[in-house]
Structure formats: structure tokens, C-alpha cells
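Single-structure report; data block below.
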Amino acid sequence: MNFKKQLKEGLLTKNPVFVQLLGMCSTLAITTSLFNGLGMGISVTIILICSNVLISALRKVIPSNVRIAAYIVIIAGFVTIVDLMLKAFLPDLSENLGVFIPLIVVNCIILGRAEAFASKNGVLASAVDGLCQGVGYTVALCIMCIIRELLGSGTFGGGILNGGEGITVIPEGYPAMMMVMPVGGFLTLGFIIAGSQWLMKRIEKKEKEASK
């Protein structure tokens with residue numbers, strides 16, 4: 001287990017959103033305020049860690065021919081728990097995220113890590129993988145939320161700061177409402193992916209120069 005390597009993969013080289021392009025439906029739909037992004041990111045992180053740990057612990061018990069179905073059942077159990085917890089303690093967030101919480105069951109990020117990592121590695125390493133991938137997913141959502149909320153609504157921290165209204169940064173009438181619409185999600189995602197690819201190439205170039 002290499003925590004530094006796994007964290008780098010989660011944040012940069014194998015980021016679920018900006019590199020692997022997984023979970024695009026929720027990424028484009030809910031990233032209109034920081035409250036939504038943090039809520040979805042933390043929910044997915046909790047489910048990733050819990051499902052990775054249980055799948056790793058049962059990897060030698062689950063028959064190979066039914067492993068995908070077993071993974072989905074395990075993931076669905078944790079999604080149900082998180083969904084009920086949100087409805088009980090954070091009803092506003094649950095309402096904002098709507099159907100996208102139950103849809104985590106079929107989110108390719110969760111199932112992908114179960115198949116690619118948890119089913120082949122120990123419990124501790126799988127827990128760390130879930131944490132790192134979840135942190136990468138959360139950071140990606142928050143970056144998109146901050147950009148779209150700022151440019152589309154003119155606020156920062158909507159749902160969290162200033163009694164839930166957020167801090168007004170751009171005066172009313174100036175924000176580009178297009179940014180909180182679907183087209184704004186696609187534009188934001190495209191520019192961030194381009195920027196992250198440029199950053200990774202710069203890092204790779206520096207690493208090659210340092211190794212010479």
C-alpha cells in the first residue's frame with residue numbers, strides 16, 4: 001500500500017471525473033452550488049470506503065460468476081443507509097440531490113473500484129483506495145460547483161454560508177445564468193479537463209527532467 005501514490009491517483013492521474021470521466025450524470029446535474037457538491041462528494045466517499053472494505057473482506061467468498069451482482073447488492077445496502085441518513089438529518093440536501101443519491105448504486109466509480117481494486121487487494125488498502133478516490137471525486141465536484149455557482153449565480157458557498165444564501169460576489173444582474181444550466185456544466189467540465197491534462201503533462205515533464 002502506497003498512500004501517496006493512491007492519493008495522487010485519486011486527485012490527478014486517475015481522478016474519477018477529470019480523467020476517467022465516470023459519474024458524469026450526477027457531476028453535470030448537481031454541481032450548481034457548493035452545498036450540493038460537498039454533500040454528493042462526501043456521500044460517495046462514505047459509500048466507496050464502506051463498500052470497498054466489505055467487498056475486499058468477502059473477495060475470497062463471493063463466487064466469481066456472481067461477483068457483479070453481489071457487489072451491486074453490497075453497494076445498494078450502503079446507498080440506502082446514506083440516503084435514509086440524509087433524509088433524516090439533511091432533508092434540504094436530500095431534496096436537492098434527489099434521485100442522484102439512489103443512482104449511486106449504479107455509479108461506475110463505485111462499481112469500478114470494487115472490480116478493479118477491492119476484489120484484488122486487502123481491506124486496509126481497499127479502504128485507502130476508497131478514501132483517495134472519494135477525495136478526488138469530492139474535489140472535482142467542488143471545483144465545478146465553485147465555478148458554476150460564482151459565474152451563474154454570483155455567489156459563493158450557497159447552502160452553507162450566510163444562512164444558506166451564500167456570499168454575494170457578483171452583483172445581481174451580472175452573472176451568466178447559462179452556467180447553472182446543462183450547457184454550463186459541459187463547458188465547465190471541458191475547460192477543467194483541458195486544464196488538468198495540461199497540468200499533468202507539466203508534472204510528468206518535470207519528473208522526467210528530475211530523473212535525468
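Labeling convention for the C-alpha cells: chains A, B, ... as they appear, residues from 1 per chain, ligands from 1 in order of appearance.
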
Contacts of stretch 167-183 of chain A at 12 Å (only C-alpha atoms; same-chain gap of 6+ positions) as number ranges by chain: A: 24-34, 144-161, 189-190

Those residues with N, CA and C atoms, as a PDB file, in the first residue's frame please?
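Resulting contents of again-v1.pdb:
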ATOM      1  N   MET A  24     -20.713  10.930 -14.752  1.00  0.00           N
ATOM      2  CA  MET A  24     -20.965  12.191 -15.426  1.00  0.00           C
ATOM      3  C   MET A  24     -22.372  12.745 -15.188  1.00  0.00           C
ATOM      4  N   CYS A  25     -23.372  11.879 -15.039  1.00  0.00           N
ATOM      5  CA  CYS A  25     -24.754  12.352 -14.857  1.00  0.00           C
ATOM      6  C   CYS A  25     -24.866  13.230 -13.615  1.00  0.00           C
ATOM      7  N   SER A  26     -24.433  12.708 -12.485  1.00  0.00           N
ATOM      8  CA  SER A  26     -24.511  13.480 -11.243  1.00  0.00           C
ATOM      9  C   SER A  26     -23.571  14.679 -11.272  1.00  0.00           C
ATOM     10  N   THR A  27     -22.407  14.511 -11.881  1.00  0.00           N
ATOM     11  CA  THR A  27     -21.434  15.603 -11.948  1.00  0.00           C
ATOM     12  C   THR A  27     -22.005  16.808 -12.668  1.00  0.00           C
ATOM     13  N   LEU A  28     -22.672  16.587 -13.773  1.00  0.00           N
ATOM     14  CA  LEU A  28     -23.219  17.690 -14.563  1.00  0.00           C
ATOM     15  C   LEU A  28     -24.523  18.224 -13.982  1.00  0.00           C
ATOM     16  N   ALA A  29     -25.259  17.373 -13.274  1.00  0.00           N
ATOM     17  CA  ALA A  29     -26.593  17.767 -12.811  1.00  0.00           C
ATOM     18  C   ALA A  29     -26.595  18.534 -11.498  1.00  0.00           C
ATOM     19  N   ILE A  30     -25.749  18.155 -10.556  1.00  0.00           N
ATOM     20  CA  ILE A  30     -25.879  18.715  -9.203  1.00  0.00           C
ATOM     21  C   ILE A  30     -24.830  19.774  -8.858  1.00  0.00           C
ATOM     22  N   THR A  31     -23.896  20.033  -9.759  1.00  0.00           N
ATOM     23  CA  THR A  31     -22.794  20.953  -9.418  1.00  0.00           C
ATOM     24  C   THR A  31     -23.166  22.418  -9.651  1.00  0.00           C
ATOM     25  N   THR A  32     -24.276  22.844  -9.048  1.00  0.00           N
ATOM     26  CA  THR A  32     -24.702  24.234  -9.178  1.00  0.00           C
ATOM     27  C   THR A  32     -24.491  25.026  -7.889  1.00  0.00           C
ATOM     28  N   SER A  33     -24.159  24.340  -6.804  1.00  0.00           N
ATOM     29  CA  SER A  33     -23.844  25.037  -5.547  1.00  0.00           C
ATOM     30  C   SER A  33     -22.863  24.188  -4.753  1.00  0.00           C
ATOM     31  N   LEU A  34     -22.064  24.849  -3.915  1.00  0.00           N
ATOM     32  CA  LEU A  34     -21.059  24.149  -3.125  1.00  0.00           C
ATOM     33  C   LEU A  34     -21.703  23.159  -2.158  1.00  0.00           C
ATOM     34  N   MET A 144     -15.998  22.327  -9.743  1.00  0.00           N
ATOM     35  CA  MET A 144     -17.066  22.638 -10.697  1.00  0.00           C
ATOM     36  C   MET A 144     -18.152  23.483 -10.042  1.00  0.00           C
ATOM     37  N   CYS A 145     -18.495  23.148  -8.805  1.00  0.00           N
ATOM     38  CA  CYS A 145     -19.542  23.904  -8.096  1.00  0.00           C
ATOM     39  C   CYS A 145     -19.143  25.358  -7.899  1.00  0.00           C
ATOM     40  N   ILE A 146     -17.908  25.583  -7.466  1.00  0.00           N
ATOM     41  CA  ILE A 146     -17.447  26.948  -7.205  1.00  0.00           C
ATOM     42  C   ILE A 146     -17.494  27.781  -8.482  1.00  0.00           C
ATOM     43  N   ILE A 147     -17.017  27.225  -9.586  1.00  0.00           N
ATOM     44  CA  ILE A 147     -17.001  27.950 -10.866  1.00  0.00           C
ATOM     45  C   ILE A 147     -18.413  28.234 -11.349  1.00  0.00           C
ATOM     46  N   ARG A 148     -19.276  27.205 -11.339  1.00  0.00           N
ATOM     47  CA  ARG A 148     -20.629  27.372 -11.876  1.00  0.00           C
ATOM     48  C   ARG A 148     -21.479  28.275 -10.978  1.00  0.00           C
ATOM     49  N   GLU A 149     -21.335  28.123  -9.668  1.00  0.00           N
ATOM     50  CA  GLU A 149     -22.117  28.967  -8.757  1.00  0.00           C
ATOM     51  C   GLU A 149     -21.674  30.420  -8.847  1.00  0.00           C
ATOM     52  N   LEU A 150     -20.360  30.639  -8.897  1.00  0.00           N
ATOM     53  CA  LEU A 150     -19.837  32.001  -8.951  1.00  0.00           C
ATOM     54  C   LEU A 150     -20.259  32.710 -10.231  1.00  0.00           C
ATOM     55  N   LEU A 151     -20.077  32.039 -11.373  1.00  0.00           N
ATOM     56  CA  LEU A 151     -20.387  32.670 -12.654  1.00  0.00           C
ATOM     57  C   LEU A 151     -21.880  32.670 -12.971  1.00  0.00           C
ATOM     58  N   GLY A 152     -22.596  31.655 -12.472  1.00  0.00           N
ATOM     59  CA  GLY A 152     -24.014  31.542 -12.801  1.00  0.00           C
ATOM     60  C   GLY A 152     -24.947  32.227 -11.833  1.00  0.00           C
ATOM     61  N   SER A 153     -24.585  32.213 -10.540  1.00  0.00           N
ATOM     62  CA  SER A 153     -25.444  32.839  -9.527  1.00  0.00           C
ATOM     63  C   SER A 153     -24.812  34.051  -8.876  1.00  0.00           C
ATOM     64  N   GLY A 154     -23.515  34.201  -9.051  1.00  0.00           N
ATOM     65  CA  GLY A 154     -22.811  35.335  -8.455  1.00  0.00           C
ATOM     66  C   GLY A 154     -22.523  35.183  -6.980  1.00  0.00           C
ATOM     67  N   THR A 155     -22.658  33.954  -6.462  1.00  0.00           N
ATOM     68  CA  THR A 155     -22.450  33.720  -5.027  1.00  0.00           C
ATOM     69  C   THR A 155     -21.383  32.657  -4.798  1.00  0.00           C
ATOM     70  N   PHE A 156     -20.941  32.571  -3.532  1.00  0.00           N
ATOM     71  CA  PHE A 156     -20.009  31.526  -3.132  1.00  0.00           C
ATOM     72  C   PHE A 156     -20.530  30.897  -1.845  1.00  0.00           C
ATOM     73  N   GLY A 157     -20.518  29.550  -1.806  1.00  0.00           N
ATOM     74  CA  GLY A 157     -20.939  28.846  -0.599  1.00  0.00           C
ATOM     75  C   GLY A 157     -22.438  28.786  -0.416  1.00  0.00           C
ATOM     76  N   GLY A 158     -23.184  28.760  -1.521  1.00  0.00           N
ATOM     77  CA  GLY A 158     -24.634  28.660  -1.432  1.00  0.00           C
ATOM     78  C   GLY A 158     -25.072  27.403  -0.697  1.00  0.00           C
ATOM     79  N   GLY A 159     -26.001  27.563   0.266  1.00  0.00           N
ATOM     80  CA  GLY A 159     -26.465  26.441   1.065  1.00  0.00           C
ATOM     81  C   GLY A 159     -25.663  26.216   2.325  1.00  0.00           C
ATOM     82  N   ILE A 160     -24.508  26.891   2.433  1.00  0.00           N
ATOM     83  CA  ILE A 160     -23.621  26.691   3.593  1.00  0.00           C
ATOM     84  C   ILE A 160     -23.396  28.003   4.335  1.00  0.00           C
ATOM     85  N   LEU A 161     -22.915  29.026   3.622  1.00  0.00           N
ATOM     86  CA  LEU A 161     -22.549  30.300   4.243  1.00  0.00           C
ATOM     87  C   LEU A 161     -23.700  31.305   4.228  1.00  0.00           C
ATOM     88  N   LEU A 189     -16.858  21.571 -17.381  1.00  0.00           N
ATOM     89  CA  LEU A 189     -16.156  20.289 -17.353  1.00  0.00           C
ATOM     90  C   LEU A 189     -15.083  20.232 -18.431  1.00  0.00           C
ATOM     91  N   GLY A 190     -15.410  20.701 -19.635  1.00  0.00           N
ATOM     92  CA  GLY A 190     -14.451  20.670 -20.732  1.00  0.00           C
ATOM     93  C   GLY A 190     -13.207  21.497 -20.448  1.00  0.00           C
TER      94      GLY A 190
END

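For stretch 196-210 of chain A, the residues within 12 Å (counting only C-alpha atoms, excluding itself and residues fewer than 6 positions away along the chain) are Lys8, Glu9, Leu11, Leu12, Thr13, Lys14, Asn15, Val17, Phe18, Val19, Gln20, Ala140, Ile143, Leu189 and Gly190 of chain A.
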
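The residue set within 10 Å of A:Ser43, counting only C-alpha atoms and dropping same-chain residues fewer than 2 places from it, reads Gly37, Leu38, Gly39, Met40, Gly41, Thr45, Ile46, Ile47, Leu48, Phe78, Val79, Val82, Asp83, Leu86, Ile101, Ile104, Gly134 and Thr138 of chain A.
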
Looking only at the backbone, which of the residues in stretch 16-206 of chain A does DSSP tag as strand (DSSP E or B), as a PyMOL selection string? chain A and resi 155-156+167-168

Atoms to include: N, CA, C and O atoms. Write the selected residues as a short mmCIF file (atom, residue, chain, number, x, y, z; two decimals), in the first residue's frame.
data_model
loop_
_atom_site.label_atom_id
_atom_site.label_comp_id
_atom_site.auth_asym_id
_atom_site.auth_seq_id
_atom_site.Cartn_x
_atom_site.Cartn_y
_atom_site.Cartn_z
N THR A 155 -22.66 33.95 -6.46
CA THR A 155 -22.45 33.72 -5.03
C THR A 155 -21.38 32.66 -4.80
O THR A 155 -21.00 31.94 -5.72
N PHE A 156 -20.94 32.57 -3.53
CA PHE A 156 -20.01 31.53 -3.13
C PHE A 156 -20.53 30.90 -1.85
O PHE A 156 -20.92 31.58 -0.92
N ILE A 167 -22.35 33.87 -0.07
CA ILE A 167 -21.77 35.22 -0.08
C ILE A 167 -21.84 35.77 -1.50
O ILE A 167 -21.34 35.17 -2.44
N THR A 168 -22.47 36.93 -1.64
CA THR A 168 -22.60 37.55 -2.95
C THR A 168 -21.26 38.11 -3.40
O THR A 168 -20.66 38.94 -2.72
#

Just list the residues in stretch 28-168 of chain A DSSP gives helix (DSSP H, G or I) on the backbone, as a PyMOL selection string. chain A and resi 28-30+34-57+64-89+91-100+102-106+108-118+123-153+162-164

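What separates atom CA of A:Asp129 from atom CA of A:Ile49 is a distance of 7.6 Å.
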
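When only C-alpha atoms are used to compute distances to A:Val61, the closest of the residues A:Phe186, A:Ser119, A:Asn2, A:Ser126 turns out to be A:Ser119.
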
Counting only C-alpha atoms, which of A:Lys5, A:Ala194, A:Asn36, A:Tyr71 gets nearest to A:Leu97? A:Asn36

Would you mind listing what lies within 8 Å of A:Lys120 as an NGL selection string, with only C-alpha atoms counted and same-chain residues fewer than 5 positions away left out? :A and (56 or 59 or 115)

Selection from above, C-alpha atoms, as a CSV table (one decimal), in the first residue's frame, can you write it?
chain,number,residue,atom,x,y,z
A,56,SER,CA,-12.4,-6.8,0.0
A,59,ARG,CA,-13.5,-11.3,-2.0
A,115,GLU,CA,-14.0,-4.6,-9.5

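Atom CA of A:Ile109 is found 17.3 Å from atom CA of A:Ile193.
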
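What separates atom CA of A:Ala125 from atom CA of A:Gln6 is a distance of 9.3 Å.
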